[in-house]
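Q: Structure incoming, see below.
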Amino acid sequence: MNYKSSLERAKSIIINPKAEWESISLENNHYKILIKDYIVYLALIPALVGFIGYSLIGYRVQFVGLATSFTLGLKLFAYYYLVTVISIYIVAWIIQFFAKKFEATQSFNKVFELITYSFTAIITISILNISPAMSRMVSFLNLYCIYIFFFGFRKMIKIKPEKALPFFIFCILVFIIVYFFLWIWLKNEIIINHKSFNI
């Protein structure tokens with residue numbers, strides 16, 4: 001899979017997740033291959049947006065106004081790139097770890113595929129963060145990943161019908177907690193603690 005096929009997969013999973021999950025469920029990709037052939041390309045989207053937004057376009061600083069910081073842009077480039085991979089891995093690991101509690105059976109590779117492609121919406125929608133006005137919509141639009149996850153959950157997780165809803169809700173809670181901690185709270189801490197900027 002090259003960057004073109006990665007972008008095509010990302011577009012398909014966002015536009016028509018139900019049909020795309022049919023194809024994905026037939027694949028058997030190792031999670032390391034998925035990182036190398038898919039995530040490394042998509043992770044550039046939030047990373048570049050973070051760099052451009054904070055180093056070139058600017059961000060609001062209390063009592064100062066609109067400011068830019070090349071250093072902060074570089075920090076956020078590295079942060080977003082790493083957090084994309086880390087957040088997917090953490091969510092996949094937690095869901096796989098608790099799967100037995102819900103009597104669900106599936107390989108880590110399948111769970112990792114499920115989380116990776118569900119996170120595609122969060123990764124691509126992050127392009128709106130380049131504009132301060134549009135960035136307010138991002139958290140709301142990121143709920144679309146739950147819609148994508150819903151169709152993938154039914155295809156990628158083997159679970160008894162009576163256990164499916166509780167496990168689905170548990171997975172969504174894990175999604176939300178990891179997202180808000182890594183993508184929002186920790187990012188805001190980096191910005192707040194950054195002291196060097198240009199007006």
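Convention: chains lettered A, B, ... in structure tokens order; per-chain residue numbering from 1; ligands numbered from 1 as shown.
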Which neighbours of Phe112 (chain A) fall inside 9 Å, counting only C-alpha atoms, when residues of the same chain fewer than 5 positions from it are skipped, and could you give them as a list in words?

A: His30, Tyr31, Leu34, Ile88, Tyr89, Val91, Ala92, Trp93, Gln96, Ser107 and Tyr117 of chain A

Q: Would you put the residues from that selection into a file with N, CA and C atoms, as an mmCIF file, in the first residue's frame?

A:
data_model
loop_
_atom_site.group_PDB
_atom_site.id
_atom_site.type_symbol
_atom_site.label_atom_id
_atom_site.label_comp_id
_atom_site.auth_asym_id
_atom_site.auth_seq_id
_atom_site.Cartn_x
_atom_site.Cartn_y
_atom_site.Cartn_z
ATOM 1 N N HIS A 30 -1.079 -7.310 9.337
ATOM 2 C CA HIS A 30 -0.419 -7.196 10.632
ATOM 3 C C HIS A 30 -0.397 -5.723 11.023
ATOM 4 N N TYR A 31 -0.547 -5.449 12.319
ATOM 5 C CA TYR A 31 -0.643 -4.057 12.755
ATOM 6 C C TYR A 31 0.609 -3.242 12.391
ATOM 7 N N LEU A 34 0.204 -2.056 8.913
ATOM 8 C CA LEU A 34 -0.783 -0.973 8.867
ATOM 9 C C LEU A 34 -0.160 0.350 9.309
ATOM 10 N N ILE A 88 -3.976 5.449 18.676
ATOM 11 C CA ILE A 88 -4.553 4.263 18.024
ATOM 12 C C ILE A 88 -4.097 3.000 18.735
ATOM 13 N N TYR A 89 -2.811 2.920 19.050
ATOM 14 C CA TYR A 89 -2.274 1.728 19.712
ATOM 15 C C TYR A 89 -2.895 1.556 21.101
ATOM 16 N N VAL A 91 -5.819 2.686 22.315
ATOM 17 C CA VAL A 91 -7.231 2.295 22.232
ATOM 18 C C VAL A 91 -7.351 0.827 21.823
ATOM 19 N N ALA A 92 -6.572 0.409 20.832
ATOM 20 C CA ALA A 92 -6.612 -0.984 20.372
ATOM 21 C C ALA A 92 -6.187 -1.935 21.485
ATOM 22 N N TRP A 93 -5.151 -1.569 22.224
ATOM 23 C CA TRP A 93 -4.656 -2.430 23.306
ATOM 24 C C TRP A 93 -5.701 -2.573 24.408
ATOM 25 N N GLN A 96 -8.644 -4.718 23.167
ATOM 26 C CA GLN A 96 -8.242 -6.122 23.093
ATOM 27 C C GLN A 96 -8.108 -6.733 24.488
ATOM 28 N N SER A 107 -8.330 -11.155 17.068
ATOM 29 C CA SER A 107 -6.888 -10.940 17.150
ATOM 30 C C SER A 107 -6.589 -9.454 17.321
ATOM 31 N N TYR A 117 -8.880 2.465 11.205
ATOM 32 C CA TYR A 117 -9.783 3.008 10.188
ATOM 33 C C TYR A 117 -10.895 3.846 10.807
#

Q: From a backbone DSSP assignment, name each residue in region 51-188 of chain A labelled helix (DSSP H, G or I), as an NGL selection string.

A: :A and (51-57 or 70-102 or 108-130 or 132-135 or 138-141 or 144-156 or 161-188)

Q: Quick one: of A:Phe102, A:Phe153, A:Tyr179, A:Phe119, who's nearest to Ile13 (chain A), counting only C-alpha atoms?

A: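 Looking at the shortest contact to Ile13 (chain A), the residue is A:Phe119.
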
Q: Determine which residues of chain A receive a DSSP assignment of strand (DSSP E or B), computed from the backbone, and state them as an mmCIF file with N, CA and C atoms, in the first residue's frame.

A:
data_model
loop_
_atom_site.group_PDB
_atom_site.id
_atom_site.type_symbol
_atom_site.label_atom_id
_atom_site.label_comp_id
_atom_site.auth_asym_id
_atom_site.auth_seq_id
_atom_site.Cartn_x
_atom_site.Cartn_y
_atom_site.Cartn_z
ATOM 1 N N TYR A 59 -2.167 31.876 16.421
ATOM 2 C CA TYR A 59 -3.152 31.446 17.408
ATOM 3 C C TYR A 59 -3.319 32.561 18.431
ATOM 4 N N ARG A 60 -4.439 32.545 19.134
ATOM 5 C CA ARG A 60 -4.741 33.631 20.071
ATOM 6 C C ARG A 60 -4.062 33.384 21.418
ATOM 7 N N VAL A 61 -3.367 34.417 21.884
ATOM 8 C CA VAL A 61 -2.716 34.393 23.188
ATOM 9 C C VAL A 61 -3.394 35.435 24.065
ATOM 10 N N GLY A 65 -3.119 38.738 21.844
ATOM 11 C CA GLY A 65 -3.794 38.725 20.546
ATOM 12 C C GLY A 65 -3.281 37.589 19.684
ATOM 13 N N LEU A 66 -3.311 37.782 18.373
ATOM 14 C CA LEU A 66 -2.874 36.739 17.450
ATOM 15 C C LEU A 66 -1.349 36.663 17.427
ATOM 16 N N ALA A 67 -0.827 35.463 17.600
ATOM 17 C CA ALA A 67 0.624 35.280 17.646
ATOM 18 C C ALA A 67 1.017 34.033 16.876
ATOM 19 N N THR A 68 2.275 33.973 16.482
ATOM 20 C CA THR A 68 2.816 32.788 15.820
ATOM 21 C C THR A 68 4.068 32.328 16.553
ATOM 22 N N THR A 105 -14.005 -12.414 20.980
ATOM 23 C CA THR A 105 -12.751 -13.018 20.524
ATOM 24 C C THR A 105 -12.325 -12.397 19.201
ATOM 25 N N LYS A 158 -15.875 -10.488 16.932
ATOM 26 C CA LYS A 158 -16.737 -11.661 17.128
ATOM 27 C C LYS A 158 -17.218 -11.659 18.573
ATOM 28 N N ASN A 198 5.723 35.100 18.494
ATOM 29 C CA ASN A 198 5.865 36.352 17.751
ATOM 30 C C ASN A 198 4.494 36.966 17.554
#

Q: For Leu114 (chain A), list every protein, DNA or RNA residue within 8 Å, evaluated using only C-alpha atoms, and leave out those in the same chain fewer than 6 positions away; present the list as a list in words.

A: Phe149, Gly152, Phe153 and Met156 of chain A

Q: Can you tell me, as a list in words, what residues are no more than 8 Å from region 71-73 of chain A when counting only C-alpha atoms, ignoring any on the same chain fewer than 3 positions away?

A: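 So the residues in contact are Gly50, Phe51, Ile52, Gly53, Tyr54, Ser55, Leu76, Phe77, Ile191, His194 and Ser196 of chain A.
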
Q: Let me make sure I understand: among A:Lys163, A:Asn142, A:Lys100, A:Tyr79, which one has the smallest atom-to-atom distance to Thr120 (chain A) if we use only C-alpha atoms?

A: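 With only C-alpha atoms as the atom set, the closest residue is A:Asn142.
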
Q: Do you know which residues are at most 12 Å from Ala164 (chain A) counting only C-alpha atoms, after dropping those on the same chain fewer than 2 positions away, and could you put them as a list of chain:residue names?

A: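 Residues meeting the cut-off are A:Ala99, A:Lys101, A:Phe102, A:Glu103, A:Ala104, A:Thr105, A:Phe150, A:Phe153, A:Arg154, A:Lys155, A:Met156, A:Ile157, A:Lys158, A:Ile159, A:Lys160, A:Pro161, A:Glu162, A:Pro166, A:Phe167, A:Phe168, A:Ile169, A:Phe170, A:Cys171.
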
Q: Calculated over only C-alpha atoms, which of the candidates A:Tyr81, A:Arg9, A:Ile127, A:Leu56 has the smallest distance to Ile24 (chain A)?

A: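 The closest residue to Ile24 (chain A) is A:Arg9.
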
Q: Considering only C-alpha atoms, can you say which of A:Ser69, A:Ser6, A:Asn29, A:Ser23 comes closest to Ala43 (chain A)?

A: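 Using only C-alpha atoms, Ala43 (chain A) sits closest to A:Ser6.
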
Q: Using only C-alpha atoms, which residue out of A:Phe140, A:Ser12, A:Ile130, A:Glu113 lies closest to Leu26 (chain A)?

A: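 Once distances to Leu26 (chain A) are computed over only C-alpha atoms, the minimum belongs to A:Glu113.
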